[in-house]
Structures are given as structure tokens and as C-alpha cells.
>>> print(open('work-v5.txt').read())   # compact mmCIF, C-alpha atoms
# COMPACT_ATOMS: atom_id res chain seq x y z
CA GLN A 1270 7.22 168.20 89.18
CA ILE A 1271 4.37 165.91 90.26
CA LYS A 1272 2.82 166.14 86.79
CA GLN A 1273 6.10 165.22 85.15
CA ASP A 1274 6.53 162.23 87.47
CA LEU A 1275 2.97 161.15 86.75
CA VAL A 1276 3.52 161.37 83.00
CA ARG A 1277 6.73 159.32 83.32
CA MET A 1278 4.88 156.65 85.34
CA ILE A 1279 2.10 156.45 82.77
CA MET A 1280 4.64 156.19 79.97
CA GLN A 1281 6.47 153.42 81.86
CA TRP A 1282 3.20 151.56 82.40
CA CYS A 1283 2.31 151.88 78.70
CA GLU A 1284 5.72 150.50 77.75
CA ASP A 1285 5.47 147.64 80.28
CA GLU A 1286 2.03 146.68 78.95
CA GLY A 1287 3.13 146.87 75.30
CA TYR A 1288 1.27 150.07 74.40
CA TYR A 1289 4.22 151.54 72.53
CA ALA A 1290 2.20 153.85 70.27
CA SER A 1291 0.38 155.31 73.28
CA MET A 1292 3.67 155.74 75.12
CA LEU A 1293 5.20 157.58 72.15
CA THR A 1294 2.12 159.78 71.77
CA ILE A 1295 2.21 160.76 75.44
CA GLN A 1296 5.95 161.38 75.20
CA ASP A 1297 5.51 163.62 72.14
CA GLU A 1298 2.71 165.61 73.75
CA ALA A 1299 4.65 166.02 76.99
CA ASP A 1300 7.76 167.15 75.12
CA VAL A 1301 5.75 169.74 73.19
CA LYS A 1302 4.36 171.16 76.43
CA LEU A 1303 7.81 171.24 78.00
CA ALA A 1304 9.24 173.01 74.95
CA HIS A 1305 6.39 175.54 75.04
CA ARG A 1306 6.95 176.17 78.75
CA ALA A 1307 10.71 176.60 78.20
CA GLN A 1308 10.01 179.13 75.44
CA ALA A 1309 7.64 181.07 77.69
CA ASP A 1310 10.20 181.03 80.52
CA SER A 1311 12.81 182.34 78.10
CA LEU A 1312 10.53 185.23 77.12
CA VAL A 1313 9.96 186.11 80.76
CA VAL A 1314 13.72 186.17 81.40
CA ARG A 1315 14.22 188.41 78.34
CA LEU A 1316 11.42 190.69 79.50
CA ARG A 1317 12.85 191.01 83.02
CA LYS A 1318 16.34 191.78 81.72
CA SER A 1319 15.03 194.32 79.22
CA ILE A 1320 13.00 196.09 81.90
CA LEU A 1321 15.94 196.25 84.28
CA ASP A 1322 18.19 197.55 81.48
CA GLY A 1323 15.60 200.09 80.32
CA ASP A 1324 15.62 198.56 76.83
CA TRP A 1325 12.08 199.65 76.03
CA ALA A 1326 12.29 198.65 72.36
CA GLU A 1327 13.01 195.04 73.39
CA VAL A 1328 10.29 195.18 76.06
CA GLU A 1329 7.88 196.30 73.33
CA ARG A 1330 8.95 193.43 71.05
CA VAL A 1331 8.47 190.85 73.79
CA CYS A 1332 5.14 192.31 74.96
CA THR A 1333 3.69 192.27 71.46
CA ARG A 1334 4.31 188.53 71.15
CA GLN A 1335 1.18 186.40 71.19
CA SER A 1336 1.86 185.03 74.67
CA PHE A 1337 1.73 188.54 76.21
CA LYS A 1338 -0.88 190.29 74.04
CA ASN A 1339 -3.77 189.66 76.43
CA TYR A 1340 -1.98 191.06 79.46
CA LYS A 1341 -3.25 194.62 79.13
CA ALA A 1342 -2.59 195.56 82.77
CA LEU A 1343 1.00 194.43 82.28
CA LEU A 1344 1.34 196.60 79.19
CA PHE A 1345 -0.10 199.55 81.10
CA ALA A 1346 2.45 199.05 83.90
CA VAL A 1347 5.32 198.82 81.39
CA TYR A 1348 4.26 201.97 79.55
CA ARG A 1349 3.66 203.72 82.89
CA GLN A 1350 7.25 203.09 83.96
CA GLN A 1351 8.54 204.25 80.60
CA TYR A 1352 6.38 207.37 80.93
CA PHE A 1353 7.76 208.12 84.39
CA GLU A 1354 11.28 207.87 83.03
CA LEU A 1355 10.49 210.27 80.19
CA ILE A 1356 9.04 212.79 82.67
CA ALA A 1357 12.06 212.34 84.95
CA GLY A 1358 14.31 213.05 81.96
CA GLN A 1359 12.18 216.11 81.11
CA GLU A 1360 11.30 214.65 77.71
CA TYR A 1361 7.77 216.01 77.80
CA GLN A 1362 7.00 215.71 74.08
CA LYS A 1363 7.93 212.01 74.04
CA ALA A 1364 5.99 211.53 77.28
CA PHE A 1365 2.92 213.21 75.76
CA THR A 1366 3.15 210.97 72.70
CA LEU A 1367 3.49 207.85 74.85
CA LEU A 1368 0.55 208.96 76.97
CA ASN A 1369 -1.71 209.37 73.94
CA LYS A 1370 -0.56 206.46 71.78
CA ARG A 1371 0.13 203.75 74.36
CA LEU A 1372 -1.38 204.59 77.73
CA LYS A 1373 -4.71 206.13 76.71
CA PRO A 1374 -5.95 202.97 74.92
CA LEU A 1375 -5.05 200.97 78.05
CA GLU A 1376 -6.71 203.39 80.50
CA PRO A 1377 -9.31 200.80 81.61
CA TYR A 1378 -6.44 198.59 82.81
CA ALA A 1379 -4.93 201.20 85.14
CA ARG A 1380 -4.60 200.30 88.82
CA SER A 1381 -7.28 202.84 89.75
CA LEU A 1382 -9.56 205.37 88.12
CA ALA A 1383 -7.29 208.21 89.20
CA ASP A 1384 -4.10 206.57 87.91
CA PHE A 1385 -4.46 207.79 84.32
CA LYS A 1386 -5.47 211.28 85.48
CA ASP A 1387 -2.36 211.38 87.66
CA LEU A 1388 -0.28 210.52 84.60
CA CYS A 1389 -1.84 213.41 82.71
CA TYR A 1390 -1.13 215.74 85.63
CA LEU A 1391 2.55 214.75 85.51
CA LEU A 1392 2.95 216.66 82.25
CA THR A 1393 2.61 219.86 84.27
CA CYS A 1394 5.11 218.84 86.97
CA LYS A 1395 8.85 219.44 87.17
CA SER A 1396 9.51 215.90 88.42
CA VAL A 1397 7.70 212.62 88.84
CA GLN A 1398 7.82 212.98 92.64
CA ASP A 1399 5.77 216.20 92.38
CA GLY A 1400 2.83 214.22 90.99
CA VAL A 1401 3.55 210.74 92.34
CA PRO A 1402 5.36 211.06 95.67
CA SER A 1403 5.59 207.26 96.04
CA TRP A 1404 7.80 206.89 92.94
CA GLU A 1405 11.29 205.98 94.13
CA GLY A 1406 13.22 206.65 90.95
CA THR A 1407 14.11 204.91 87.72
CA ARG A 1408 16.13 201.98 89.09
CA ARG A 1409 13.64 201.14 91.86
CA GLY A 1410 10.68 201.53 89.49
CA ARG A 1411 12.25 199.08 87.06
CA GLU A 1412 13.01 196.63 89.86
CA GLN A 1413 9.43 196.78 91.10
CA LEU A 1414 8.10 196.23 87.59
CA ALA A 1415 10.49 193.32 86.98
CA GLU A 1416 9.37 191.71 90.27
CA HIS A 1417 6.04 190.90 88.64
CA PHE A 1418 7.88 188.35 86.46
CA ARG A 1419 9.46 186.05 89.05
>>> encode(input="work-v5.txt", output="C-alpha cells")
Amino acid sequence: QIKQDLVRMIMQWCEDEGYYASMLTIQDEADVKLAHRAQADSLVVRLRKSILDGDWAEVERVCTRQSFKNYKALLFAVYRQQYFELIAGQEYQKAFTLLNKRLKPLEPYARSLADFKDLCYLLTCKSVQDGVPSWEGTRRGREQLAEHFR
């Protein structure tokens, strides 16, 4: 808010002093930044909603956008939640595929060294809680993941 007020004051000063071209240039640059920020905010809202709804295809589309590509730890957390849900649903073949195709390349971005090993161990468990006792279920896991985007 302070930056926006400062930009408005500078633009007003430029106009008062007759620097119309400078005022218009500052206005254009400020509008571009505001539009970019609004677009990023919109993506975050879409990402949160998709996570909470379990719409993993949409989450994947949003996460592969340029603005999210460098957030490897975020991608790991997203795929981790999806993996937990596959294990909870006893979809072990899909979970194995996700583990190898999505999580393995992001292993360096896991929360700890043991995190990826724990995910591998889950393939031998009957439920997620057997391997990760702290997991509180699908809904709570999604809520916790979505909290990172407030």
C-alpha cells in the first residue's frame, strides 16, 4: 500500500511540474506490475481451490506455469499429498508410478533425508498412518498444503 501511495504521489508531482511523459511512463509501468500481481494472485487462488478439491490435474497445470516452475519444494509437497491419497485409496500401482515419475526427481527438495525413504516404505503398508502416523487424512492433508498459499 505504501508503494502504491508513493507511486501516486510521484505521478501527481510529475503532472504538477509538467512532466506528462514521465507521469504516463510511471503509470504504465505501475499498471503492468499491478496486472502481473493480480494474475499471480489469481493463480494462487486457483491452486488453493484445486488442492482443496483434490483436482490434481488442475494443480499440475497451475504448477507447471512459469511462475511456479522454480518452486521444487512446493511441487514435492503437492505430489507427496497426492501420493498419500493414492496409498490411502489402495491404488498402489498409481502411487508407484507417481513416486518414480514425479517424486524421485524432486527427492533433494524433500523436507528431510528420510522423507523420500518413508514414501517408499509406504508402498508396503496397508494405510498411510502405518508409515506416517502424523498424517491426519485426506481433507486435513489438503488443508495443510493449501495453508502454504495464504
>>> atom_distance(input="work-v5.txt", atom1="CA of Tyr1378 (chain A)", atom2="CA of Gln1350 (chain A)")
14.5 Å
>>> residues_around(input="work-v5.txt", residues="region 1379-1386 of chain A", least_positions_apart="3", cutoff="7 Å", atoms="all atoms listed in the file", output="PyMOL selection string")
chain A and resi 1342+1345+1376+1389-1390
>>> closest_residue(input="work-v5.txt", among="A:Cys1332, A:Leu1392, A:Leu1293, A:Ala1299", to="Gln1273 (chain A)", atoms="all atoms listed in the file")
A:Ala1299
>>> atom_distance(input="work-v5.txt", atom1="CA of Val1314 (chain A)", atom2="CA of Lys1373 (chain A)")
27.6 Å
>>> residues_around(input="work-v5.txt", residues="region 1277-1281 of chain A", least_positions_apart="4", cutoff="8 Å", atoms="all atoms listed in the file", output="PDB file with C-alpha atoms, keeping the file's coordinate frame")
ATOM      1  CA  GLN A1273       6.100 165.220  85.150  1.00  0.00           C
ATOM      2  CA  ASP A1285       5.470 147.640  80.280  1.00  0.00           C
ATOM      3  CA  SER A1291       0.380 155.310  73.280  1.00  0.00           C
ATOM      4  CA  MET A1292       3.670 155.740  75.120  1.00  0.00           C
ATOM      5  CA  LEU A1293       5.200 157.580  72.150  1.00  0.00           C
ATOM      6  CA  ILE A1295       2.210 160.760  75.440  1.00  0.00           C
ATOM      7  CA  GLN A1296       5.950 161.380  75.200  1.00  0.00           C
TER       8      GLN A1296
END
>>> closest_residue(input="work-v5.txt", among="A:Leu1375, A:Cys1394, A:Leu1388, A:Val1276", to="Lys1341 (chain A)", atoms="only C-alpha atoms")
A:Leu1375
>>> closest_residue(input="work-v5.txt", among="A:Trp1282, A:Trp1325, A:Tyr1340, A:Trp1404", to="Phe1353 (chain A)", atoms="only C-alpha atoms")
A:Trp1404
>>> atom_distance(input="work-v5.txt", atom1="CA of Leu1321 (chain A)", atom2="CA of Arg1411 (chain A)")
5.4 Å
>>> residues_around(input="work-v5.txt", residues="Gln1359 (chain A)", least_positions_apart="2", cutoff="10 Å", atoms="only C-alpha atoms", output="VMD selection string")
chain A and resid 1353 to 1357 1361 to 1364 1392 1394 to 1397
>>> closest_residue(input="work-v5.txt", among="A:Arg1419, A:Arg1349, A:Arg1330, A:Arg1315", to="Leu1372 (chain A)", atoms="all atoms listed in the file")
A:Arg1349
>>> closest_residue(input="work-v5.txt", among="A:Val1313, A:Ala1290, A:Leu1391, A:Leu1343", to="Val1331 (chain A)", atoms="all atoms listed in the file")
A:Val1313
